[in-house]
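A.B. asks: To be precise about what I am sending: the file is called entry15.cif and holds mmCIF, N, CA and C atoms and all ligand atoms.
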data_data
#
loop_
_atom_site.label_atom_id
_atom_site.label_comp_id
_atom_site.auth_asym_id
_atom_site.auth_seq_id
_atom_site.Cartn_x
_atom_site.Cartn_y
_atom_site.Cartn_z
N MET A 71 59.50 257.10 168.56
CA MET A 71 60.01 256.11 169.52
C MET A 71 59.41 254.73 169.25
N ALA A 72 60.28 253.75 169.28
CA ALA A 72 59.80 252.38 169.00
C ALA A 72 58.90 251.89 170.14
N PHE A 73 58.07 250.94 169.79
CA PHE A 73 57.16 250.34 170.78
C PHE A 73 57.97 249.71 171.91
N LEU A 74 59.01 248.99 171.52
CA LEU A 74 59.93 248.40 172.49
C LEU A 74 61.32 248.95 172.23
N GLU A 75 61.88 249.58 173.23
CA GLU A 75 63.18 250.22 173.07
C GLU A 75 64.22 249.46 173.90
N TRP A 76 65.31 249.08 173.26
CA TRP A 76 66.36 248.35 173.99
C TRP A 76 67.06 249.29 174.97
N ASP A 77 67.45 248.73 176.09
CA ASP A 77 68.17 249.52 177.08
C ASP A 77 69.16 248.57 177.77
N GLU A 78 70.27 249.13 178.23
CA GLU A 78 71.29 248.30 178.88
C GLU A 78 70.75 247.51 180.07
N LYS A 79 69.69 248.04 180.68
CA LYS A 79 69.13 247.33 181.85
C LYS A 79 68.63 245.92 181.47
N TYR A 80 68.40 245.70 180.17
CA TYR A 80 67.91 244.39 179.73
C TYR A 80 69.06 243.39 179.52
N SER A 81 70.29 243.89 179.55
CA SER A 81 71.41 243.00 179.25
C SER A 81 71.56 241.89 180.29
N VAL A 82 71.82 240.67 179.79
CA VAL A 82 72.05 239.55 180.71
C VAL A 82 73.54 239.18 180.73
N GLY A 83 74.35 240.04 180.10
CA GLY A 83 75.80 239.84 180.14
C GLY A 83 76.32 238.78 179.18
N ILE A 84 75.46 238.23 178.35
CA ILE A 84 75.90 237.24 177.35
C ILE A 84 75.52 237.80 175.98
N GLU A 85 76.56 238.06 175.19
CA GLU A 85 76.35 238.73 173.91
C GLU A 85 75.31 238.03 173.02
N GLU A 86 75.45 236.72 172.91
CA GLU A 86 74.54 235.96 172.04
C GLU A 86 73.07 236.13 172.48
N ILE A 87 72.83 236.05 173.79
CA ILE A 87 71.46 236.17 174.30
C ILE A 87 70.96 237.61 174.16
N ASP A 88 71.82 238.58 174.44
CA ASP A 88 71.41 239.98 174.26
C ASP A 88 70.98 240.24 172.81
N GLN A 89 71.76 239.71 171.88
CA GLN A 89 71.43 239.89 170.45
C GLN A 89 70.08 239.26 170.13
N GLN A 90 69.83 238.09 170.70
CA GLN A 90 68.54 237.42 170.46
C GLN A 90 67.39 238.22 171.06
N HIS A 91 67.61 238.76 172.26
CA HIS A 91 66.56 239.59 172.87
C HIS A 91 66.29 240.82 172.01
N LYS A 92 67.35 241.41 171.47
CA LYS A 92 67.18 242.58 170.60
C LYS A 92 66.36 242.22 169.37
N ARG A 93 66.65 241.05 168.83
CA ARG A 93 65.91 240.58 167.65
C ARG A 93 64.42 240.37 167.99
N LEU A 94 64.16 239.83 169.17
CA LEU A 94 62.76 239.64 169.59
C LEU A 94 62.06 240.99 169.75
N PHE A 95 62.77 241.95 170.32
CA PHE A 95 62.22 243.31 170.45
C PHE A 95 61.86 243.82 169.06
N SER A 96 62.78 243.62 168.12
CA SER A 96 62.55 244.18 166.79
C SER A 96 61.40 243.45 166.07
N LEU A 97 61.25 242.14 166.29
CA LEU A 97 60.12 241.42 165.69
C LEU A 97 58.80 241.93 166.25
N ILE A 98 58.77 242.21 167.53
CA ILE A 98 57.54 242.73 168.14
C ILE A 98 57.28 244.16 167.65
N ASN A 99 58.34 244.94 167.45
CA ASN A 99 58.15 246.28 166.88
C ASN A 99 57.58 246.19 165.46
N GLY A 100 58.02 245.18 164.71
CA GLY A 100 57.50 244.97 163.36
C GLY A 100 56.01 244.64 163.40
N LEU A 101 55.65 243.80 164.35
CA LEU A 101 54.25 243.42 164.54
C LEU A 101 53.42 244.65 164.91
N TYR A 102 53.99 245.46 165.75
CA TYR A 102 53.31 246.71 166.16
C TYR A 102 53.03 247.58 164.92
N GLY A 103 54.04 247.69 164.05
CA GLY A 103 53.89 248.49 162.83
C GLY A 103 52.75 247.96 161.97
N THR A 104 52.66 246.63 161.85
CA THR A 104 51.60 246.02 161.04
C THR A 104 50.23 246.30 161.65
N VAL A 105 50.15 246.20 162.97
CA VAL A 105 48.88 246.47 163.66
C VAL A 105 48.45 247.93 163.44
N GLN A 106 49.42 248.83 163.45
CA GLN A 106 49.09 250.24 163.21
C GLN A 106 48.44 250.41 161.84
N LYS A 107 48.97 249.63 160.86
CA LYS A 107 48.44 249.71 159.49
C LYS A 107 46.99 249.24 159.45
N VAL A 108 46.71 248.13 160.18
CA VAL A 108 45.34 247.60 160.20
C VAL A 108 44.40 248.65 160.75
N GLU A 109 44.85 249.28 161.83
CA GLU A 109 43.97 250.27 162.43
C GLU A 109 43.74 251.47 161.52
N GLY A 110 44.72 251.68 160.61
CA GLY A 110 44.57 252.80 159.68
C GLY A 110 43.81 252.41 158.41
N ALA A 111 43.57 251.08 158.23
CA ALA A 111 42.91 250.62 157.01
C ALA A 111 41.45 251.07 157.00
N ASN A 112 41.00 251.53 155.81
CA ASN A 112 39.64 252.06 155.82
C ASN A 112 38.61 251.19 155.12
N ASP A 113 39.05 250.02 154.61
CA ASP A 113 38.04 249.12 154.07
C ASP A 113 38.29 247.70 154.58
N MET A 114 37.25 246.90 154.51
CA MET A 114 37.28 245.54 155.05
C MET A 114 38.36 244.69 154.38
N LYS A 115 38.48 244.82 153.04
CA LYS A 115 39.42 243.98 152.31
C LYS A 115 40.86 244.21 152.78
N SER A 116 41.25 245.46 152.87
CA SER A 116 42.63 245.68 153.30
C SER A 116 42.81 245.29 154.77
N SER A 117 41.76 245.39 155.56
CA SER A 117 41.86 244.94 156.95
C SER A 117 42.15 243.45 157.03
N ILE A 118 41.47 242.68 156.15
CA ILE A 118 41.67 241.23 156.15
C ILE A 118 43.09 240.89 155.69
N ILE A 119 43.56 241.58 154.67
CA ILE A 119 44.92 241.34 154.18
C ILE A 119 45.93 241.64 155.30
N GLU A 120 45.73 242.76 155.97
CA GLU A 120 46.65 243.13 157.05
C GLU A 120 46.56 242.14 158.20
N LEU A 121 45.36 241.64 158.45
CA LEU A 121 45.18 240.68 159.53
C LEU A 121 46.00 239.41 159.27
N SER A 122 46.03 238.98 158.01
CA SER A 122 46.82 237.79 157.73
C SER A 122 48.31 238.12 157.85
N ALA A 123 48.68 239.36 157.55
CA ALA A 123 50.08 239.77 157.75
C ALA A 123 50.42 239.73 159.24
N ILE A 124 49.46 240.10 160.06
CA ILE A 124 49.70 240.07 161.51
C ILE A 124 49.91 238.65 161.99
N LEU A 125 49.03 237.75 161.52
CA LEU A 125 49.16 236.36 161.96
C LEU A 125 50.48 235.76 161.50
N SER A 126 50.94 236.14 160.32
CA SER A 126 52.23 235.58 159.89
C SER A 126 53.39 236.23 160.66
N ALA A 127 53.22 237.49 161.05
CA ALA A 127 54.25 238.14 161.89
C ALA A 127 54.28 237.49 163.28
N VAL A 128 53.11 237.08 163.77
CA VAL A 128 53.05 236.39 165.07
C VAL A 128 53.77 235.04 164.95
N ASP A 129 53.53 234.33 163.84
CA ASP A 129 54.21 233.05 163.62
C ASP A 129 55.72 233.22 163.60
N LYS A 130 56.16 234.26 162.93
CA LYS A 130 57.60 234.52 162.80
C LYS A 130 58.21 234.80 164.19
N MET A 131 57.49 235.60 164.96
CA MET A 131 57.95 235.93 166.31
C MET A 131 57.98 234.66 167.17
N GLU A 132 56.95 233.83 167.01
CA GLU A 132 56.86 232.60 167.79
C GLU A 132 58.02 231.64 167.44
N ASP A 133 58.31 231.52 166.15
CA ASP A 133 59.43 230.67 165.72
C ASP A 133 60.74 231.17 166.31
N TYR A 134 60.93 232.48 166.25
CA TYR A 134 62.20 233.01 166.77
C TYR A 134 62.27 232.85 168.28
N ALA A 135 61.13 233.06 168.96
CA ALA A 135 61.10 232.89 170.42
C ALA A 135 61.46 231.45 170.77
N SER A 136 60.96 230.51 169.98
CA SER A 136 61.24 229.11 170.25
C SER A 136 62.75 228.83 170.11
N TYR A 137 63.34 229.37 169.05
CA TYR A 137 64.79 229.23 168.83
C TYR A 137 65.57 229.87 169.99
N HIS A 138 65.14 231.05 170.38
CA HIS A 138 65.82 231.78 171.46
C HIS A 138 65.69 231.05 172.82
N PHE A 139 64.48 230.58 173.13
CA PHE A 139 64.29 229.88 174.41
C PHE A 139 65.15 228.62 174.45
N SER A 140 65.27 227.95 173.30
CA SER A 140 66.11 226.75 173.26
C SER A 140 67.56 227.10 173.55
N THR A 141 68.02 228.24 173.03
CA THR A 141 69.40 228.66 173.30
C THR A 141 69.60 228.80 174.80
N GLU A 142 68.68 229.51 175.45
CA GLU A 142 68.79 229.70 176.91
C GLU A 142 68.72 228.37 177.65
N GLU A 143 67.73 227.57 177.28
CA GLU A 143 67.53 226.30 178.00
C GLU A 143 68.71 225.35 177.80
N ASN A 144 69.32 225.38 176.61
CA ASN A 144 70.48 224.52 176.37
C ASN A 144 71.67 224.93 177.24
N TYR A 145 71.87 226.24 177.41
CA TYR A 145 72.94 226.70 178.31
C TYR A 145 72.64 226.26 179.73
N MET A 146 71.37 226.37 180.11
CA MET A 146 70.98 225.99 181.48
C MET A 146 71.27 224.52 181.75
N LEU A 147 70.94 223.70 180.75
CA LEU A 147 71.19 222.26 180.92
C LEU A 147 72.69 221.97 180.91
N GLU A 148 73.39 222.61 180.01
CA GLU A 148 74.84 222.39 179.88
C GLU A 148 75.58 222.74 181.18
N TYR A 149 75.13 223.83 181.85
CA TYR A 149 75.82 224.27 183.06
C TYR A 149 75.07 223.90 184.34
N SER A 150 74.07 223.01 184.22
CA SER A 150 73.26 222.57 185.37
C SER A 150 72.73 223.74 186.19
N TYR A 151 72.09 224.65 185.51
CA TYR A 151 71.50 225.83 186.17
C TYR A 151 70.36 225.36 187.08
N PRO A 152 70.39 225.72 188.38
CA PRO A 152 69.37 225.21 189.30
C PRO A 152 67.94 225.71 189.04
N GLY A 153 67.83 226.85 188.36
CA GLY A 153 66.49 227.39 188.10
C GLY A 153 65.89 226.94 186.77
N TYR A 154 66.50 225.90 186.18
CA TYR A 154 66.07 225.47 184.84
C TYR A 154 64.57 225.19 184.72
N LYS A 155 64.06 224.35 185.64
CA LYS A 155 62.65 223.92 185.53
C LYS A 155 61.68 225.09 185.55
N ALA A 156 61.86 225.98 186.52
CA ALA A 156 60.97 227.14 186.66
C ALA A 156 61.08 228.04 185.43
N HIS A 157 62.31 228.17 184.93
CA HIS A 157 62.52 229.04 183.78
C HIS A 157 61.85 228.46 182.53
N LYS A 158 62.02 227.16 182.37
CA LYS A 158 61.40 226.51 181.20
C LYS A 158 59.88 226.63 181.28
N LYS A 159 59.34 226.53 182.49
CA LYS A 159 57.90 226.64 182.66
C LYS A 159 57.41 228.03 182.22
N ALA A 160 58.19 229.06 182.55
CA ALA A 160 57.82 230.42 182.12
C ALA A 160 57.80 230.51 180.60
N HIS A 161 58.80 229.90 179.95
CA HIS A 161 58.82 229.90 178.48
C HIS A 161 57.60 229.17 177.92
N ASP A 162 57.27 228.01 178.52
CA ASP A 162 56.14 227.21 178.04
C ASP A 162 54.82 227.97 178.19
N LEU A 163 54.67 228.69 179.29
CA LEU A 163 53.45 229.47 179.51
C LEU A 163 53.29 230.56 178.46
N PHE A 164 54.42 231.11 178.05
CA PHE A 164 54.39 232.13 177.01
C PHE A 164 53.80 231.55 175.72
N PHE A 165 54.28 230.38 175.34
CA PHE A 165 53.76 229.74 174.12
C PHE A 165 52.27 229.42 174.25
N GLU A 166 51.87 228.99 175.43
CA GLU A 166 50.44 228.69 175.64
C GLU A 166 49.60 229.94 175.37
N SER A 167 50.05 231.08 175.87
CA SER A 167 49.30 232.31 175.67
C SER A 167 49.26 232.70 174.20
N VAL A 168 50.40 232.56 173.51
CA VAL A 168 50.43 232.92 172.09
C VAL A 168 49.52 231.99 171.29
N ARG A 169 49.55 230.70 171.64
CA ARG A 169 48.69 229.73 170.94
C ARG A 169 47.22 230.03 171.18
N LYS A 170 46.91 230.44 172.39
CA LYS A 170 45.52 230.76 172.73
C LYS A 170 45.05 231.95 171.86
N PHE A 171 45.92 232.92 171.71
CA PHE A 171 45.59 234.07 170.88
C PHE A 171 45.34 233.65 169.43
N LYS A 172 46.22 232.77 168.93
CA LYS A 172 46.07 232.34 167.54
C LYS A 172 44.80 231.52 167.34
N ARG A 173 44.49 230.68 168.34
CA ARG A 173 43.27 229.87 168.27
C ARG A 173 42.04 230.77 168.20
N GLU A 174 42.04 231.76 169.06
CA GLU A 174 40.90 232.69 169.09
C GLU A 174 40.78 233.45 167.77
N ALA A 175 41.95 233.81 167.20
CA ALA A 175 41.93 234.52 165.92
C ALA A 175 41.36 233.60 164.83
N ASP A 176 41.78 232.31 164.85
CA ASP A 176 41.29 231.33 163.88
C ASP A 176 39.79 231.13 164.01
N GLU A 177 39.32 231.11 165.22
CA GLU A 177 37.88 230.89 165.46
C GLU A 177 37.07 232.15 165.18
N GLY A 178 37.76 233.20 164.80
CA GLY A 178 37.08 234.45 164.46
C GLY A 178 36.53 235.19 165.67
N LYS A 179 37.05 234.82 166.84
CA LYS A 179 36.59 235.51 168.04
C LYS A 179 37.09 236.94 168.04
N ALA A 180 36.29 237.80 168.59
CA ALA A 180 36.69 239.19 168.63
C ALA A 180 37.85 239.35 169.63
N PHE A 181 38.88 240.02 169.21
CA PHE A 181 39.97 240.30 170.14
C PHE A 181 40.57 241.64 169.75
N LYS A 182 41.18 242.25 170.70
CA LYS A 182 41.82 243.53 170.39
C LYS A 182 43.26 243.26 170.03
N LEU A 183 43.69 243.77 168.87
CA LEU A 183 45.07 243.55 168.44
C LEU A 183 46.05 244.16 169.42
N THR A 184 45.64 245.26 170.00
CA THR A 184 46.56 245.91 170.93
C THR A 184 46.75 245.07 172.20
N ASP A 185 45.76 244.21 172.51
CA ASP A 185 45.91 243.37 173.70
C ASP A 185 47.09 242.41 173.57
N ILE A 186 47.20 241.78 172.41
CA ILE A 186 48.29 240.82 172.23
C ILE A 186 49.64 241.57 172.26
N LEU A 187 49.66 242.76 171.66
CA LEU A 187 50.90 243.54 171.67
C LEU A 187 51.30 243.96 173.08
N GLU A 188 50.32 244.41 173.83
CA GLU A 188 50.60 244.80 175.21
C GLU A 188 51.06 243.59 176.02
N TYR A 189 50.43 242.44 175.73
CA TYR A 189 50.83 241.21 176.42
C TYR A 189 52.29 240.88 176.09
N LEU A 190 52.64 240.92 174.79
CA LEU A 190 54.00 240.58 174.37
C LEU A 190 55.03 241.52 175.00
N LYS A 191 54.69 242.79 175.00
CA LYS A 191 55.60 243.80 175.56
C LYS A 191 55.81 243.56 177.06
N LYS A 192 54.69 243.39 177.74
CA LYS A 192 54.74 243.22 179.19
C LYS A 192 55.46 241.92 179.55
N TRP A 193 55.12 240.85 178.80
CA TRP A 193 55.73 239.56 179.11
C TRP A 193 57.24 239.60 178.86
N LEU A 194 57.63 240.07 177.68
CA LEU A 194 59.05 240.03 177.32
C LEU A 194 59.90 240.93 178.22
N THR A 195 59.48 242.15 178.43
CA THR A 195 60.29 243.04 179.27
C THR A 195 60.31 242.51 180.71
N GLY A 196 59.17 242.04 181.19
CA GLY A 196 59.11 241.50 182.55
C GLY A 196 60.00 240.28 182.69
N HIS A 197 59.96 239.41 181.69
CA HIS A 197 60.75 238.17 181.72
C HIS A 197 62.26 238.47 181.68
N VAL A 198 62.64 239.38 180.79
CA VAL A 198 64.07 239.69 180.65
C VAL A 198 64.60 240.40 181.91
N LEU A 199 63.74 241.23 182.50
CA LEU A 199 64.18 241.99 183.68
C LEU A 199 64.14 241.19 184.99
N THR A 200 63.39 240.12 185.02
CA THR A 200 63.33 239.34 186.28
C THR A 200 63.87 237.92 186.09
N THR A 201 63.12 237.09 185.38
CA THR A 201 63.51 235.67 185.24
C THR A 201 64.89 235.52 184.58
N ASP A 202 65.14 236.25 183.50
CA ASP A 202 66.43 236.12 182.82
C ASP A 202 67.58 236.70 183.66
N GLN A 203 67.29 237.78 184.39
CA GLN A 203 68.36 238.39 185.20
C GLN A 203 68.87 237.42 186.27
N LYS A 204 68.01 236.46 186.64
CA LYS A 204 68.40 235.50 187.68
C LYS A 204 69.58 234.64 187.26
N TYR A 205 69.74 234.40 185.95
CA TYR A 205 70.86 233.55 185.53
C TYR A 205 72.13 234.34 185.22
N LYS A 206 72.01 235.67 185.24
CA LYS A 206 73.13 236.53 184.86
C LYS A 206 74.41 236.21 185.66
N LYS A 207 74.29 236.25 187.00
CA LYS A 207 75.45 235.99 187.86
C LYS A 207 75.97 234.57 187.68
N PHE A 208 75.02 233.65 187.60
CA PHE A 208 75.37 232.22 187.50
C PHE A 208 76.23 231.97 186.26
N PHE A 209 75.78 232.46 185.11
CA PHE A 209 76.53 232.23 183.87
C PHE A 209 77.84 233.02 183.84
N LYS A 210 77.84 234.16 184.50
CA LYS A 210 79.06 234.97 184.55
C LYS A 210 80.15 234.19 185.28
N LYS A 211 79.75 233.57 186.38
CA LYS A 211 80.69 232.75 187.15
C LYS A 211 81.22 231.57 186.33
N LYS A 212 80.37 231.10 185.43
CA LYS A 212 80.77 229.96 184.58
C LYS A 212 81.64 230.43 183.41
N GLY A 213 81.84 231.74 183.31
CA GLY A 213 82.70 232.28 182.26
C GLY A 213 82.01 232.60 180.95
N LEU A 214 80.68 232.53 180.93
CA LEU A 214 79.96 232.89 179.69
C LEU A 214 79.89 234.41 179.55
N SER A 215 80.10 234.89 178.34
CA SER A 215 79.96 236.36 178.15
C SER A 215 79.53 236.65 176.73
FE FE B 1 64.18 233.27 179.32
#
Have the structure of the file written as structure tokens, please.
Ligand SMILES: [Fe+2]
C.D. replies:
Amino acid sequence: MAFLEWDEKYSVGIEEIDQQHKRLFSLINGLYGTVQKVEGANDMKSSIIELSAILSAVDKMEDYASYHFSTEENYMLEYSYPGYKAHKKAHDLFFESVRKFKREADEGKAFKLTDILEYLKKWLTGHVLTTDQKYKKFFKKKGLS
């Protein structure tokens, strides 16, 4: 079973956004796979190599999240969605947390790899199931699908 499993309950009724959410799920699953490898590594050298793979997987996920959030925010602006500000703030807070993680990793601070994964899983599923669901009806009325 994948770390993050897609389910219809995550659908926001807009094909393009659902596809992007699926892609984010899959990027986080990829990151999970890399973390599993690090934990299975038995020498320091391969741990360091895997660690840099993790940081680049985090960058990739962050880039895609940025692209995805822009898609949502652009629709919100285009259709004058009333919850735009609060929603954008939630997206911005997500980036702050990811940046904090990367800063700590750069500074060599001890952190648990599983913590960031649990954070990503909890944040993304929570966000899609609550904050994103709030725009579902609104965009449906506007004819987006
Ligand atoms: Fe969102």
A.B. asks: Determine, counting only N, CA and C atoms, which protein, DNA and RNA residues have an atom within 8 Å of an atom of Lys204 (chain A); residues of the same chain fewer than 6 positions away are not included. Present the result as a PyMOL selection string.
C.D. replies: chain A and resi 82+153+197-198
A.B. asks: Just the residues within 7 Å of region 103-113 of chain A, please, counting only C-alpha atoms, with nothing from its chain fewer than 5 positions along; format it as a list of chain:residue names.
C.D. replies: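 Once the nearby chain positions are removed, what remains is A:Glu120, A:Leu121, A:Ile124, A:Leu183.
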A.B. asks: From the DSSP assignment of the backbone, select every residue of chain A that is alpha helix (DSSP H), and format the answer as JSON, numbers by chain.
C.D. replies: {"A": [85, 86, 87, 88, 89, 90, 91, 92, 93, 94, 95, 96, 97, 98, 99, 100, 101, 102, 103, 104, 105, 106, 107, 108, 109, 110, 114, 115, 116, 117, 118, 119, 120, 121, 122, 123, 124, 125, 126, 127, 128, 129, 130, 131, 132, 133, 134, 135, 136, 137, 138, 139, 140, 141, 142, 143, 144, 145, 146, 147, 148, 154, 155, 156, 157, 158, 159, 160, 161, 162, 163, 164, 165, 166, 167, 168, 169, 170, 171, 172, 173, 174, 175, 176, 183, 184, 185, 186, 187, 188, 189, 190, 191, 192, 193, 194, 195, 196, 197, 198, 199, 203, 204, 205, 206, 207, 208, 209, 210, 211]}
A.B. asks: With only C-alpha atoms and all ligand atoms counted and 10 Å as the cut-off, give the residues of chain A in contact with ligand FE 1 (chain B), each with its shortest interatomic distance in Å and the pair that gives it, as JSON lines.
C.D. replies:
{"residue": "A:Ile87", "atom": "CA", "partner": "B:FE1", "partner_atom": "FE", "distance": 9.3}
{"residue": "A:His91", "atom": "CA", "partner": "B:FE1", "partner_atom": "FE", "distance": 9.3}
{"residue": "A:Ala135", "atom": "CA", "partner": "B:FE1", "partner_atom": "FE", "distance": 9.4}
{"residue": "A:His138", "atom": "CA", "partner": "B:FE1", "partner_atom": "FE", "distance": 8.2}
{"residue": "A:Phe139", "atom": "CA", "partner": "B:FE1", "partner_atom": "FE", "distance": 6.0}
{"residue": "A:Ser140", "atom": "CA", "partner": "B:FE1", "partner_atom": "FE", "distance": 9.1}
{"residue": "A:Thr141", "atom": "CA", "partner": "B:FE1", "partner_atom": "FE", "distance": 9.2}
{"residue": "A:Glu142", "atom": "CA", "partner": "B:FE1", "partner_atom": "FE", "distance": 6.3}
{"residue": "A:Glu143", "atom": "CA", "partner": "B:FE1", "partner_atom": "FE", "distance": 7.8}
{"residue": "A:Tyr154", "atom": "CA", "partner": "B:FE1", "partner_atom": "FE", "distance": 9.7}
{"residue": "A:His157", "atom": "CA", "partner": "B:FE1", "partner_atom": "FE", "distance": 6.4}
{"residue": "A:Lys158", "atom": "CA", "partner": "B:FE1", "partner_atom": "FE", "distance": 7.5}
{"residue": "A:Lys159", "atom": "CA", "partner": "B:FE1", "partner_atom": "FE", "distance": 9.7}
{"residue": "A:Ala160", "atom": "CA", "partner": "B:FE1", "partner_atom": "FE", "distance": 7.5}
{"residue": "A:His161", "atom": "CA", "partner": "B:FE1", "partner_atom": "FE", "distance": 6.4}
{"residue": "A:Leu194", "atom": "CA", "partner": "B:FE1", "partner_atom": "FE", "distance": 8.7}
{"residue": "A:His197", "atom": "CA", "partner": "B:FE1", "partner_atom": "FE", "distance": 6.4}
{"residue": "A:Val198", "atom": "CA", "partner": "B:FE1", "partner_atom": "FE", "distance": 6.6}
{"residue": "A:Leu199", "atom": "CA", "partner": "B:FE1", "partner_atom": "FE", "distance": 9.7}
{"residue": "A:Thr200", "atom": "CA", "partner": "B:FE1", "partner_atom": "FE", "distance": 9.3}
{"residue": "A:Thr201", "atom": "CA", "partner": "B:FE1", "partner_atom": "FE", "distance": 6.4}
{"residue": "A:Asp202", "atom": "CA", "partner": "B:FE1", "partner_atom": "FE", "distance": 5.0}
{"residue": "A:Gln203", "atom": "CA", "partner": "B:FE1", "partner_atom": "FE", "distance": 8.8}
{"residue": "A:Lys204", "atom": "CA", "partner": "B:FE1", "partner_atom": "FE", "distance": 9.6}
{"residue": "A:Tyr205", "atom": "CA", "partner": "B:FE1", "partner_atom": "FE", "distance": 9.1}
A.B. asks: With distances taken over only N, CA and C atoms, which residue among A:Leu101, A:Ser167, A:Glu78, A:Asp176 lies nearest Val128 (chain A)?
C.D. replies: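 Among the listed residues, A:Leu101 lies closest to Val128 (chain A).
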A.B. asks: Select, from A:Leu125, A:Tyr80, A:Asp133, A:Met146, the residue with the minimum atom-to-atom distance to Phe209 (chain A), counting only C-alpha atoms.
C.D. replies: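 Using only C-alpha atoms, the shortest distance to Phe209 (chain A) belongs to A:Met146.
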A.B. asks: Expressed in Å to a single decimal, how great is the separation between atom C of Lys170 (chain A) and atom C of Asp185 (chain A)?
C.D. replies: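 Computed distance, atom C of Lys170 (chain A) to atom C of Asp185 (chain A), equals 10.8 Å.
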A.B. asks: Distance atom N of Glu166 (chain A)-atom N of Lys210 (chain A), one decimal place?
C.D. replies: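 These atoms are spaced 28.0 Å apart.
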